[in-house]
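What follows is the content of input.cif, which has mmCIF, C-alpha atoms:
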data_upload
#
loop_
_atom_site.label_atom_id
_atom_site.label_comp_id
_atom_site.auth_asym_id
_atom_site.auth_seq_id
_atom_site.Cartn_x
_atom_site.Cartn_y
_atom_site.Cartn_z
CA MET A 1 15.78 -78.43 -89.18
CA VAL A 2 12.65 -76.52 -88.10
CA THR A 3 10.82 -78.14 -85.18
CA PRO A 4 7.01 -78.10 -84.90
CA GLN A 5 7.28 -75.70 -81.95
CA GLU A 6 9.41 -73.26 -83.96
CA ALA A 7 6.99 -73.47 -86.88
CA ALA A 8 4.04 -72.75 -84.58
CA ARG A 9 5.89 -69.88 -82.94
CA ASP A 10 6.81 -68.39 -86.31
CA THR A 11 3.17 -68.57 -87.42
CA ALA A 12 1.96 -66.91 -84.21
CA GLU A 13 4.62 -64.19 -84.41
CA ALA A 14 3.72 -63.53 -88.03
CA GLY A 15 0.13 -62.95 -86.94
CA LEU A 16 1.29 -60.65 -84.15
CA ILE A 17 3.44 -58.66 -86.58
CA ARG A 18 0.45 -58.22 -88.89
CA MET A 19 -1.63 -56.97 -85.97
CA VAL A 20 1.03 -54.50 -84.78
CA ARG A 21 1.61 -53.32 -88.35
CA ALA A 22 -2.11 -52.59 -88.71
CA VAL A 23 -2.17 -50.70 -85.40
CA ALA A 24 1.00 -48.80 -86.38
CA VAL A 25 -0.71 -47.57 -89.55
CA VAL A 26 -4.29 -47.07 -88.34
CA THR A 27 -3.75 -45.19 -85.07
CA PRO A 28 -1.35 -42.46 -86.29
CA GLY A 29 -3.32 -42.36 -89.55
CA VAL A 30 -6.53 -41.60 -87.64
CA ALA A 31 -4.67 -38.99 -85.59
CA LEU A 32 -3.38 -37.41 -88.80
CA LEU A 33 -6.89 -37.24 -90.26
CA GLN A 34 -8.16 -35.71 -87.01
CA THR A 35 -5.42 -33.08 -87.22
CA VAL A 36 -6.38 -32.16 -90.79
CA ALA A 37 -10.13 -32.17 -90.05
CA ASN A 38 -9.76 -30.08 -86.87
CA ALA A 39 -6.86 -27.84 -87.80
CA ARG A 40 -8.35 -24.99 -85.76
CA ASP A 41 -7.73 -27.00 -82.56
CA TYR A 42 -3.97 -26.63 -83.09
CA ARG A 43 -1.68 -23.65 -82.88
CA GLN A 44 0.48 -25.18 -85.61
CA PRO A 45 -1.49 -27.90 -87.47
CA ALA A 46 1.37 -28.41 -89.95
CA VAL A 47 3.70 -29.36 -87.09
CA ALA A 48 1.16 -31.87 -85.75
CA ALA A 49 0.71 -33.37 -89.21
CA VAL A 50 4.47 -33.74 -89.65
CA VAL A 51 4.70 -35.44 -86.23
CA TRP A 52 2.17 -38.09 -87.26
CA LEU A 53 3.91 -38.63 -90.60
CA VAL A 54 7.17 -39.23 -88.71
CA VAL A 55 5.39 -41.72 -86.42
CA ILE A 56 4.05 -43.61 -89.46
CA ALA A 57 7.55 -43.68 -90.96
CA ALA A 58 8.89 -45.03 -87.64
CA GLY A 59 6.41 -47.88 -87.97
CA ALA A 60 7.81 -48.78 -91.38
CA TRP A 61 11.26 -48.97 -89.78
CA LEU A 62 10.55 -50.65 -86.42
CA VAL A 63 7.75 -53.16 -87.05
CA PRO A 64 9.83 -55.42 -89.39
CA ARG A 65 12.47 -55.63 -86.63
CA LEU A 66 10.14 -57.93 -84.70
CA ARG A 67 11.00 -60.70 -87.17
CA THR A 68 14.42 -60.88 -85.50
CA ARG A 69 12.79 -61.82 -82.16
CA GLY A 70 12.33 -58.32 -80.82
CA LEU A 71 13.84 -54.85 -80.71
CA THR A 72 17.44 -54.32 -79.69
CA ALA A 73 18.36 -51.94 -76.88
CA GLY A 74 19.07 -49.17 -79.39
CA GLU A 75 15.81 -49.71 -81.25
CA THR A 76 13.92 -49.75 -77.95
CA ALA A 77 15.48 -46.43 -76.97
CA ALA A 78 14.57 -45.01 -80.38
CA ALA A 79 10.95 -46.19 -80.11
CA THR A 80 10.62 -44.63 -76.64
CA ALA A 81 12.23 -41.37 -77.77
CA ILE A 82 9.85 -41.14 -80.73
CA ALA A 83 6.85 -41.74 -78.47
CA VAL A 84 8.01 -39.12 -75.93
CA ALA A 85 8.79 -36.55 -78.64
CA ALA A 86 5.46 -37.13 -80.40
CA VAL A 87 3.41 -36.78 -77.20
CA ALA A 88 5.31 -33.62 -76.21
CA ALA A 89 5.08 -32.07 -79.70
CA ILE A 90 1.35 -32.76 -80.05
CA GLY A 91 0.75 -31.36 -76.59
CA ALA A 92 2.70 -28.18 -77.43
CA ALA A 93 0.92 -27.73 -80.76
CA HIS A 94 -2.59 -28.25 -79.37
CA ARG A 95 -4.68 -25.27 -78.31
CA PRO A 96 -5.86 -25.25 -74.69
CA HIS A 97 -9.46 -25.70 -73.55
CA GLU A 98 -10.70 -27.43 -76.67
CA ALA A 99 -13.02 -30.42 -76.98
CA GLN A 100 -12.45 -33.05 -74.32
CA GLY A 101 -10.46 -36.05 -75.53
CA SER A 102 -8.77 -34.41 -78.51
CA ILE A 103 -5.29 -34.54 -77.06
CA ASP A 104 -5.73 -38.20 -76.03
CA LEU A 105 -4.90 -39.02 -79.65
CA ALA A 106 -1.28 -38.36 -78.68
CA ILE A 107 -1.35 -41.52 -76.56
CA LEU A 108 -3.62 -43.44 -78.91
CA GLY A 109 -1.33 -42.73 -81.87
CA THR A 110 1.90 -43.69 -80.09
CA VAL A 111 0.91 -46.58 -77.82
CA TRP A 112 1.87 -49.07 -80.54
CA LEU A 113 5.51 -48.03 -80.09
CA LEU A 114 5.28 -49.24 -76.50
CA MET A 115 3.60 -52.43 -77.72
CA LEU A 116 6.81 -53.22 -79.59
CA VAL A 117 8.74 -52.79 -76.37
CA VAL A 118 6.30 -55.05 -74.47
CA VAL A 119 6.83 -57.85 -77.00
CA SER A 120 10.61 -57.44 -76.96
CA HIS A 121 11.43 -56.96 -73.26
CA PRO A 122 10.29 -57.99 -69.75
CA ALA A 123 8.05 -55.85 -67.55
CA ARG A 124 10.97 -54.33 -65.63
CA ILE A 125 11.95 -52.54 -68.85
CA TRP A 126 8.67 -51.63 -70.53
CA VAL A 127 6.79 -50.50 -67.39
CA PRO A 128 9.20 -47.59 -66.59
CA LEU A 129 9.23 -46.58 -70.26
CA ALA A 130 5.43 -46.56 -70.39
CA LEU A 131 5.32 -44.46 -67.20
CA LEU A 132 7.78 -42.03 -68.80
CA VAL A 133 5.50 -41.50 -71.82
CA PHE A 134 2.49 -41.17 -69.53
CA ALA A 135 4.32 -38.60 -67.40
CA VAL A 136 5.09 -36.52 -70.50
CA GLN A 137 1.40 -36.69 -71.42
CA GLY A 138 0.45 -35.54 -67.93
CA VAL A 139 2.87 -32.62 -68.01
CA SER A 140 1.47 -31.56 -71.40
CA LEU A 141 -2.14 -31.74 -70.23
CA ILE A 142 -1.63 -29.96 -66.91
CA GLY A 143 0.71 -27.40 -68.45
CA GLU A 144 -1.85 -26.62 -71.16
CA GLN A 145 -5.08 -26.63 -69.15
CA GLY A 146 -3.95 -26.45 -65.54
CA LEU A 147 -4.94 -28.83 -62.79
CA SER A 148 -8.65 -29.17 -63.46
CA LEU A 149 -11.35 -31.80 -63.77
CA LEU A 150 -11.00 -31.60 -67.56
CA SER A 151 -7.25 -32.20 -67.55
CA LEU A 152 -7.55 -34.98 -64.96
CA SER A 153 -10.32 -36.72 -66.91
CA GLN A 154 -8.24 -36.53 -70.10
CA LEU A 155 -5.21 -37.87 -68.23
CA GLU A 156 -7.34 -40.70 -66.85
CA ALA A 157 -8.54 -41.56 -70.36
CA ALA A 158 -4.98 -41.55 -71.66
CA GLY A 159 -3.86 -43.83 -68.82
CA TYR A 160 -6.74 -46.21 -69.50
CA ILE A 161 -5.85 -46.43 -73.20
CA MET A 162 -2.21 -47.14 -72.42
CA ALA A 163 -2.81 -49.61 -69.59
CA ALA A 164 -5.51 -51.55 -71.47
CA ALA A 165 -3.37 -52.00 -74.58
CA LEU A 166 -0.07 -52.82 -72.87
CA ILE A 167 -1.38 -55.04 -70.06
CA ALA A 168 -3.56 -57.00 -72.47
CA LEU A 169 -0.58 -57.65 -74.75
CA ALA A 170 1.75 -58.49 -71.85
CA THR A 171 -0.80 -61.01 -70.55
CA LEU A 172 -1.53 -62.50 -73.97
CA TRP A 173 2.07 -63.17 -74.97
CA PRO A 174 2.97 -65.73 -72.19
CA ALA A 175 -0.40 -67.42 -72.72
CA LEU A 176 0.40 -67.64 -76.43
CA ASP A 177 3.72 -69.32 -75.57
CA VAL A 178 1.90 -71.96 -73.51
CA HIS A 179 -0.62 -72.49 -76.29
CA ILE A 180 2.16 -72.86 -78.86
CA GLY A 181 3.94 -75.45 -76.71
CA THR A 182 0.75 -77.45 -76.15
CA ALA A 183 -0.27 -77.33 -79.80
CA SER A 184 3.18 -78.34 -81.06
CA ARG A 185 3.34 -81.21 -78.55
CA GLN A 186 -0.05 -82.47 -79.69
CA ALA A 187 1.02 -82.21 -83.31
CA SER A 188 4.23 -84.10 -82.53
CA LEU A 189 2.32 -86.89 -80.78
CA ARG A 190 -0.13 -87.17 -83.67
CA SER A 191 2.75 -87.27 -86.14
CA ARG A 192 4.55 -89.95 -84.13
CA ALA A 193 1.39 -92.04 -83.85
CA ALA A 194 0.82 -91.76 -87.60
CA ALA A 195 4.43 -92.77 -88.29
CA GLU A 196 4.11 -95.80 -86.01
CA ARG A 197 0.87 -96.86 -87.71
CA ALA A 198 2.51 -96.47 -91.11
CA ALA A 199 5.52 -98.48 -89.95
CA ALA A 200 3.29 -101.24 -88.59
CA ALA A 201 1.39 -101.35 -91.88
CA ALA A 202 4.66 -101.51 -93.82
CA ILE A 203 5.92 -104.34 -91.62
CA LYS A 204 2.71 -106.28 -92.14
CA GLN A 205 2.92 -105.69 -95.88
CA GLU A 206 6.53 -106.89 -95.91
CA ARG A 207 5.64 -110.06 -94.01
CA ASP A 208 2.63 -110.71 -96.24
CA SER A 209 4.80 -110.33 -99.35
CA ARG A 210 7.33 -112.82 -97.99
CA LEU A 211 4.60 -115.29 -97.15
CA ALA A 212 3.16 -114.80 -100.63
CA VAL A 213 6.55 -115.68 -102.12
CA LEU A 214 6.63 -118.81 -99.97
CA GLU A 215 3.16 -119.75 -101.14
CA GLN A 216 4.13 -119.33 -104.78
CA GLU A 217 7.56 -121.01 -104.58
CA ALA A 218 7.90 -123.08 -101.42
CA LEU A 219 4.58 -124.90 -101.49
CA PRO A 220 5.05 -126.18 -105.07
CA LEU A 221 8.53 -127.33 -104.03
CA LEU A 222 7.13 -129.25 -101.06
CA ARG A 223 4.38 -130.79 -103.18
CA ALA A 224 6.96 -131.91 -105.72
CA ILE A 225 9.01 -133.55 -102.95
CA ALA A 226 5.88 -135.17 -101.49
CA ASP A 227 4.76 -136.69 -104.78
CA GLY A 228 8.28 -137.90 -105.59
CA THR A 229 8.94 -135.53 -108.48
CA LEU A 230 11.95 -134.01 -106.67
CA ASP A 231 14.61 -135.81 -104.63
CA PRO A 232 14.99 -134.22 -101.14
CA ALA A 233 18.58 -135.51 -101.05
CA ASP A 234 19.50 -133.44 -104.09
CA ALA A 235 21.83 -130.56 -103.19
CA ALA A 236 19.90 -127.98 -105.22
CA VAL A 237 16.60 -129.01 -103.64
CA ARG A 238 18.11 -128.87 -100.17
CA GLU A 239 19.52 -125.38 -100.87
CA GLN A 240 16.11 -124.13 -102.02
CA CYS A 241 14.46 -125.58 -98.92
CA GLY A 242 17.03 -123.88 -96.71
CA GLN A 243 16.48 -120.51 -98.40
CA HIS A 244 12.72 -120.76 -98.03
CA ALA A 245 13.08 -121.77 -94.37
CA THR A 246 15.23 -118.70 -93.70
CA VAL A 247 12.72 -116.41 -95.40
CA LEU A 248 9.86 -117.97 -93.40
CA ARG A 249 11.73 -117.60 -90.10
CA ARG A 250 12.52 -113.93 -90.76
CA ALA A 251 8.97 -113.20 -91.93
CA LEU A 252 7.52 -114.61 -88.71
CA THR A 253 10.05 -113.12 -86.26
CA ALA A 254 11.20 -109.82 -87.80
CA SER A 255 8.64 -107.60 -86.06
CA ALA A 256 8.73 -109.48 -82.75
CA GLN A 257 12.50 -109.69 -82.33
CA GLY A 258 13.63 -106.79 -84.50
CA GLY A 259 15.83 -108.81 -86.83
CA GLU A 260 19.54 -109.57 -86.56
CA LEU A 261 20.72 -105.96 -86.43
CA THR A 262 18.36 -104.95 -83.61
CA ALA A 263 19.49 -107.99 -81.63
CA GLY A 264 22.99 -106.51 -81.70
CA LEU A 265 21.62 -103.25 -80.31
CA GLU A 266 19.82 -104.93 -77.41
CA ARG A 267 22.50 -104.15 -74.82
CA THR A 268 22.62 -100.46 -75.75
CA LEU A 269 18.84 -100.12 -75.72
CA ARG A 270 18.57 -101.93 -72.38
CA ALA A 271 21.15 -99.58 -70.84
CA ALA A 272 19.26 -96.56 -72.22
CA ALA A 273 15.99 -97.84 -70.72
CA GLY A 274 17.75 -98.13 -67.35
CA ARG A 275 18.59 -94.40 -67.58
CA GLY A 276 14.92 -93.50 -68.13
CA LEU A 277 15.21 -93.43 -71.93
CA PRO A 278 12.89 -96.10 -73.38
CA VAL A 279 13.39 -96.75 -77.09
CA SER A 280 10.67 -98.15 -79.32
CA VAL A 281 12.07 -100.38 -82.08
CA GLN A 282 10.54 -101.05 -85.48
CA VAL A 283 12.11 -102.90 -88.39
CA ILE A 284 10.92 -102.76 -91.99
CA GLY A 285 12.55 -105.19 -94.39
CA ASP A 286 15.55 -107.44 -93.81
CA PRO A 287 18.67 -105.51 -92.76
CA GLY A 288 20.72 -108.69 -92.90
CA THR A 289 24.02 -109.06 -91.04
CA PRO A 290 26.31 -106.05 -91.55
CA ALA A 291 30.07 -106.32 -91.68
CA PRO A 292 31.72 -106.24 -88.23
CA ALA A 293 33.19 -102.79 -88.84
CA VAL A 294 29.79 -101.48 -89.97
CA ALA A 295 28.05 -103.06 -86.97
CA ARG A 296 30.55 -101.44 -84.58
CA ALA A 297 30.05 -98.04 -86.25
CA VAL A 298 26.26 -98.32 -86.10
CA LEU A 299 26.36 -99.37 -82.44
CA GLY A 300 28.79 -96.56 -81.65
CA ALA A 301 26.60 -93.91 -83.31
CA VAL A 302 23.41 -95.08 -81.58
CA ASP A 303 25.14 -95.39 -78.21
CA ALA A 304 26.76 -91.94 -78.53
CA VAL A 305 23.42 -90.25 -79.23
CA LEU A 306 21.51 -92.18 -76.55
CA SER A 307 24.21 -91.38 -73.99
CA ALA A 308 23.86 -87.65 -74.75
CA LEU A 309 20.07 -87.61 -74.33
CA PRO A 310 18.30 -86.78 -71.04
CA PRO A 311 15.46 -89.06 -69.80
CA SER A 312 12.80 -88.90 -72.51
CA GLU A 313 11.49 -91.13 -75.31
CA ALA A 314 13.05 -92.23 -78.60
CA VAL A 315 12.10 -94.35 -81.59
CA LEU A 316 14.55 -96.55 -83.50
CA THR A 317 13.50 -97.46 -87.04
CA VAL A 318 15.46 -99.71 -89.41
CA LEU A 319 14.50 -99.64 -93.09
CA ALA A 320 15.93 -102.16 -95.55
CA ALA A 321 15.20 -101.93 -99.27
CA GLY A 322 17.30 -104.15 -101.49
CA ASP A 323 20.97 -103.65 -100.62
CA ASP A 324 20.41 -100.30 -98.87
CA VAL A 325 19.78 -100.09 -95.13
CA GLU A 326 18.84 -96.94 -93.21
CA LEU A 327 18.56 -96.50 -89.45
CA TYR A 328 16.73 -93.57 -87.87
CA LEU A 329 16.82 -92.74 -84.17
CA THR A 330 14.29 -89.97 -83.52
CA PHE A 331 14.23 -88.12 -80.20
CA SER A 332 12.29 -85.22 -78.65
CA ALA A 333 14.82 -83.72 -76.20
CA PRO A 334 17.94 -81.59 -76.78
CA LEU A 335 21.29 -83.38 -76.61
CA ARG A 336 23.55 -82.55 -73.69
CA ALA A 337 26.49 -82.60 -76.12
CA VAL A 338 26.75 -83.26 -79.85
CA PRO A 339 28.81 -86.45 -80.39
CA ASP A 340 31.54 -86.72 -83.01
CA LEU A 341 30.13 -89.26 -85.47
CA ALA A 342 32.74 -88.74 -88.19
CA ARG A 343 35.41 -90.68 -86.27
CA LEU A 344 33.19 -93.77 -86.18
CA GLY A 345 33.34 -94.14 -89.95
CA LEU A 346 37.15 -94.11 -90.17
CA THR A 347 37.41 -97.91 -89.84
CA VAL A 348 34.42 -98.73 -92.05
CA PRO A 349 35.19 -100.05 -95.58
CA ALA A 350 34.39 -97.51 -98.27
CA ALA A 351 32.38 -100.13 -100.17
CA SER A 352 29.83 -100.17 -97.34
CA ARG A 353 29.01 -96.50 -98.01
CA TRP A 354 28.47 -95.97 -94.29
CA ARG A 355 27.22 -92.51 -93.35
CA ALA A 356 25.91 -90.97 -90.11
CA ALA A 357 24.38 -87.53 -89.59
CA LEU A 358 22.48 -85.65 -86.88
CA SER A 359 19.62 -83.27 -87.63
CA GLY A 360 17.99 -80.85 -85.19
CA ALA A 361 20.36 -81.77 -82.35
CA ASP A 362 20.48 -78.22 -80.95
CA THR A 363 16.77 -77.40 -81.20
CA GLY A 364 15.21 -80.25 -79.24
CA GLU A 365 13.40 -82.66 -81.51
CA GLY A 366 15.78 -84.29 -83.98
CA PHE A 367 17.04 -87.56 -85.36
CA LEU A 368 20.15 -89.61 -86.08
CA GLU A 369 20.38 -91.05 -89.59
CA VAL A 370 22.78 -93.93 -90.36
CA SER A 371 22.91 -95.63 -93.74
CA TRP A 372 25.01 -98.40 -95.31
CA ARG A 373 24.92 -101.12 -97.97
CA LYS A 374 24.50 -104.79 -97.16
CA ASP A 375 26.75 -105.88 -99.99
CA GLY A 376 29.76 -103.85 -98.75
CA ALA A 377 33.11 -105.39 -97.98
CA VAL A 378 33.20 -107.58 -94.87
#
Represent the structure of the file as structure tokens.
Amino acid sequence: MVTPQEAARDTAEAGLIRMVRAVAVVTPGVALLQTVANARDYRQPAVAAVVWLVVIAAGAWLVPRLRTRGLTAGETAAATAIAVAAVAAIGAAHRPHEAQGSIDLAILGTVWLLMLVVVSHPARIWVPLALLVFAVQGVSLIGEQGLSLLSLSQLEAAGYIMAAALIALATLWPALDVHIGTASRQASLRSRAAAERAAAAAIKQERDSRLAVLEQEALPLLRAIADGTLDPADAAVREQCGQHATVLRRALTASAQGGELTAGLERTLRAAAGRGLPVSVQVIGDPGTPAPAVARAVLGAVDAVLSALPPSEAVLTVLAAGDDVELYLTFSAPLRAVPDLARLGLTVPAASRWRAALSGADTGEGFLEVSWRKDGAV
């Protein structure tokens, strides 16, 4: 089961991967074009061109690894080694005392490799690696041009490029996490509110349909008794009156009291509320009275899940359509332990078709689903 937060995170990470992929292609691509256009600025322009082609190929290998939630230690080491080797090779191939800023493309074309490390690891890992690449750039500049205003200005520009890109990404990523959590929580609340409105509408529709049946069948029966057409002492007439009275009672009290099944769950729900776990109950249709073995299994499943939940909120929904009954307990917190629901069905008659399953128990938001048939063996 994919939670809303995971879906939002996957969407955000997909956007980040697209951005990094674009940077991984554009920056070394621009550096490669600059090498071809200004070949006279390099001692060995072919070597510089090959370096940038290798960097582009590294992007094709490393960028897709972000889909597995970041680079591994080996991939991180490889990305850093490629960045260090590229900066050193471009610095060695470049001619000294050329146009200011030309060699800064070594940092500009490789900074995306460090961006992968920033996304994958904490600051205590990526900061030393970034300083290592910057130190190699400094050694190349000073070794090529000596300690001069030109070399220092180029080193300052390279440091600005690196710091601006990496710090901006490192600051954006935690903020994106907060935004994802807030957005997914809002979406979850809107979804829950919509589900509750739909359930309330369904309950009202169910009650209205029952009252409509009473109007079509019970009122003519009462009129016939009142005008003497039917004998109220007749057994068949009394049975029909009793059936209509039961339907009327359930139609008027199902949403307020939760029906007969929810009444059996009252003790479990009250205990859960005492632990800081309020449960909202909604019943759609008439679940009837399940067999004792089925009732015990349903109570056991609900109690096992509620007992494993931390203080939070939950919603219990019972749906009855014909002879099929389904119970859903939705929750928004991870279970402390996953209960064994299979053992609860060992004593349930096979004719009841009792089944219980948990979804999303390990990811946070999830639900318990229990289903059975009303016409099973008692």
Written as an mmCIF file with C-alpha atoms, in the frame of the given file, what is the full residue list that the PyMOL selection byres ((chain A and resi 356) around 9) yields on the file shown?
data_model
loop_
_atom_site.group_PDB
_atom_site.id
_atom_site.type_symbol
_atom_site.label_atom_id
_atom_site.label_comp_id
_atom_site.auth_asym_id
_atom_site.auth_seq_id
_atom_site.Cartn_x
_atom_site.Cartn_y
_atom_site.Cartn_z
ATOM 1 C CA VAL A 298 26.260 -98.320 -86.100
ATOM 2 C CA ALA A 301 26.600 -93.910 -83.310
ATOM 3 C CA LEU A 341 30.130 -89.260 -85.470
ATOM 4 C CA ALA A 342 32.740 -88.740 -88.190
ATOM 5 C CA LEU A 344 33.190 -93.770 -86.180
ATOM 6 C CA GLY A 345 33.340 -94.140 -89.950
ATOM 7 C CA TRP A 354 28.470 -95.970 -94.290
ATOM 8 C CA ARG A 355 27.220 -92.510 -93.350
ATOM 9 C CA ALA A 357 24.380 -87.530 -89.590
ATOM 10 C CA LEU A 358 22.480 -85.650 -86.880
ATOM 11 C CA LEU A 368 20.150 -89.610 -86.080
ATOM 12 C CA GLU A 369 20.380 -91.050 -89.590
ATOM 13 C CA VAL A 370 22.780 -93.930 -90.360
ATOM 14 C CA SER A 371 22.910 -95.630 -93.740
#
Check what the PyMOL selection byres ((chain A and resi 305) around 8) selects in the file above and give those residues as a ChimeraX atom specification. /A:301-304,306-309,335,338-339,368
Expanded to explicit residues, what is the PyMOL selection byres ((chain A and resi 49) around 10) for this file, as an MDAnalysis selection string? chainID A and resid 28:29 31:36 39 44:48 50:55 90
With distances taken over only C-alpha atoms, which residue among A:Val20, A:Leu329, A:Ala92, A:Leu222 lies nearest Leu269 of chain A?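 Once distances to Leu269 of chain A are computed over only C-alpha atoms, the minimum belongs to A:Leu329.
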Between A:Thr347, A:Ser140, A:Ser280, A:Ser151, which one has atoms that come closest to Arg296 of chain A, using all atoms listed in the file? A:Thr347
Out of A:Val23, A:Ala37, A:Leu149, A:Val348, which residue has the shortest atom-to-atom distance to Pro290 of chain A when counting all atoms listed in the file?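 Ranked by minimum distance to Pro290 of chain A, first place goes to A:Val348.
The two atoms in question, atom CA of Gly159 of chain A and atom CA of Leu16 of chain A, are spaced 23.3 Å apart.
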Tell me which of A:Leu265, A:Leu316, A:Leu221, A:Val325 sits closest to Gly285 of chain A, counting all atoms listed in the file. A:Val325
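With atom CA of Val318 of chain A on one side and atom CA of Asp286 of chain A on the other, the separation reads 8.9 Å.
Going from atom CA of Leu150 of chain A over to atom CA of Ile82 of chain A, you cover 26.4 Å.
Of the listed residues A:Gly322, A:Pro278, A:Gly91, A:Gly366, the one whose atoms come nearest to Gln137 of chain A is A:Gly91, with distances taken using all atoms listed in the file.
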Test item: residues at most 12 Å from Ile225 of chain A, all atoms listed in the file, excluding those fewer than 4 positions along its chain, as a VMD selection string: chain A and resid 218 to 221 229 to 234 237 to 238 240 to 241
Can those selected residues be exported to a file as a compact mmCIF listing (two decimals), in the frame of the given file so that it contains C-alpha atoms?
# COMPACT_ATOMS: atom_id res chain seq x y z
CA ALA A 218 7.90 -123.08 -101.42
CA LEU A 219 4.58 -124.90 -101.49
CA PRO A 220 5.05 -126.18 -105.07
CA LEU A 221 8.53 -127.33 -104.03
CA THR A 229 8.94 -135.53 -108.48
CA LEU A 230 11.95 -134.01 -106.67
CA ASP A 231 14.61 -135.81 -104.63
CA PRO A 232 14.99 -134.22 -101.14
CA ALA A 233 18.58 -135.51 -101.05
CA ASP A 234 19.50 -133.44 -104.09
CA VAL A 237 16.60 -129.01 -103.64
CA ARG A 238 18.11 -128.87 -100.17
CA GLN A 240 16.11 -124.13 -102.02
CA CYS A 241 14.46 -125.58 -98.92
Using only C-alpha atoms, can you tell me which of A:Ala337, A:Asp227, A:Ala135, A:Ala320 comes closest to Thr289 of chain A? A:Ala320
Determine, counting only C-alpha atoms, every residue of protein, DNA or RNA that lies within 8 Å of (-0.8, -46.4, -82.1) in the file coordinates, then give the result as a ChimeraX atom specification. /A:23-28,107-113
For segment 265-282 of chain A of the block above, can you save N, CA and C atoms as a PDB file, in the first residue's frame?
ATOM      1  N   LEU A 265     -19.119  -3.957  20.041  1.00  0.00           N
ATOM      2  CA  LEU A 265     -17.764  -3.410  20.047  1.00  0.00           C
ATOM      3  C   LEU A 265     -17.601  -2.262  21.050  1.00  0.00           C
ATOM      4  N   GLU A 266     -18.669  -1.914  21.729  1.00  0.00           N
ATOM      5  CA  GLU A 266     -18.630  -0.711  22.579  1.00  0.00           C
ATOM      6  C   GLU A 266     -17.530  -0.781  23.631  1.00  0.00           C
ATOM      7  N   ARG A 267     -17.366  -1.939  24.266  1.00  0.00           N
ATOM      8  CA  ARG A 267     -16.356  -2.052  25.324  1.00  0.00           C
ATOM      9  C   ARG A 267     -14.950  -1.841  24.765  1.00  0.00           C
ATOM     10  N   THR A 268     -14.666  -2.448  23.616  1.00  0.00           N
ATOM     11  CA  THR A 268     -13.342  -2.291  23.006  1.00  0.00           C
ATOM     12  C   THR A 268     -13.078  -0.848  22.613  1.00  0.00           C
ATOM     13  N   LEU A 269     -14.081  -0.198  22.040  1.00  0.00           N
ATOM     14  CA  LEU A 269     -13.899   1.189  21.607  1.00  0.00           C
ATOM     15  C   LEU A 269     -13.749   2.125  22.803  1.00  0.00           C
ATOM     16  N   ARG A 270     -14.477   1.836  23.878  1.00  0.00           N
ATOM     17  CA  ARG A 270     -14.358   2.671  25.078  1.00  0.00           C
ATOM     18  C   ARG A 270     -12.977   2.537  25.701  1.00  0.00           C
ATOM     19  N   ALA A 271     -12.438   1.308  25.710  1.00  0.00           N
ATOM     20  CA  ALA A 271     -11.084   1.101  26.241  1.00  0.00           C
ATOM     21  C   ALA A 271     -10.046   1.807  25.373  1.00  0.00           C
ATOM     22  N   ALA A 272     -10.232   1.772  24.051  1.00  0.00           N
ATOM     23  CA  ALA A 272      -9.306   2.466  23.154  1.00  0.00           C
ATOM     24  C   ALA A 272      -9.347   3.971  23.384  1.00  0.00           C
ATOM     25  N   ALA A 273     -10.543   4.534  23.583  1.00  0.00           N
ATOM     26  CA  ALA A 273     -10.653   5.968  23.847  1.00  0.00           C
ATOM     27  C   ALA A 273      -9.942   6.341  25.139  1.00  0.00           C
ATOM     28  N   GLY A 274      -9.983   5.448  26.138  1.00  0.00           N
ATOM     29  CA  GLY A 274      -9.271   5.710  27.386  1.00  0.00           C
ATOM     30  C   GLY A 274      -7.768   5.730  27.212  1.00  0.00           C
ATOM     31  N   ARG A 275      -7.245   5.089  26.161  1.00  0.00           N
ATOM     32  CA  ARG A 275      -5.809   5.102  25.881  1.00  0.00           C
ATOM     33  C   ARG A 275      -5.426   6.240  24.940  1.00  0.00           C
ATOM     34  N   GLY A 276      -6.337   7.172  24.689  1.00  0.00           N
ATOM     35  CA  GLY A 276      -6.038   8.282  23.784  1.00  0.00           C
ATOM     36  C   GLY A 276      -6.209   7.928  22.335  1.00  0.00           C
ATOM     37  N   LEU A 277      -7.078   6.934  22.048  1.00  0.00           N
ATOM     38  CA  LEU A 277      -7.306   6.488  20.675  1.00  0.00           C
ATOM     39  C   LEU A 277      -8.802   6.549  20.379  1.00  0.00           C
ATOM     40  N   PRO A 278      -9.346   7.733  20.125  1.00  0.00           N
ATOM     41  CA  PRO A 278     -10.779   7.835  19.817  1.00  0.00           C
ATOM     42  C   PRO A 278     -11.080   7.206  18.460  1.00  0.00           C
ATOM     43  N   VAL A 279     -12.207   6.519  18.384  1.00  0.00           N
ATOM     44  CA  VAL A 279     -12.617   5.830  17.161  1.00  0.00           C
ATOM     45  C   VAL A 279     -13.981   6.353  16.736  1.00  0.00           C
ATOM     46  N   SER A 280     -14.052   6.895  15.540  1.00  0.00           N
ATOM     47  CA  SER A 280     -15.325   7.314  14.969  1.00  0.00           C
ATOM     48  C   SER A 280     -15.985   6.113  14.316  1.00  0.00           C
ATOM     49  N   VAL A 281     -17.290   5.942  14.574  1.00  0.00           N
ATOM     50  CA  VAL A 281     -18.021   4.773  14.090  1.00  0.00           C
ATOM     51  C   VAL A 281     -19.088   5.218  13.102  1.00  0.00           C
ATOM     52  N   GLN A 282     -19.173   4.501  11.981  1.00  0.00           N
ATOM     53  CA  GLN A 282     -20.229   4.749  11.011  1.00  0.00           C
ATOM     54  C   GLN A 282     -20.691   3.411  10.447  1.00  0.00           C
TER      55      GLN A 282
END
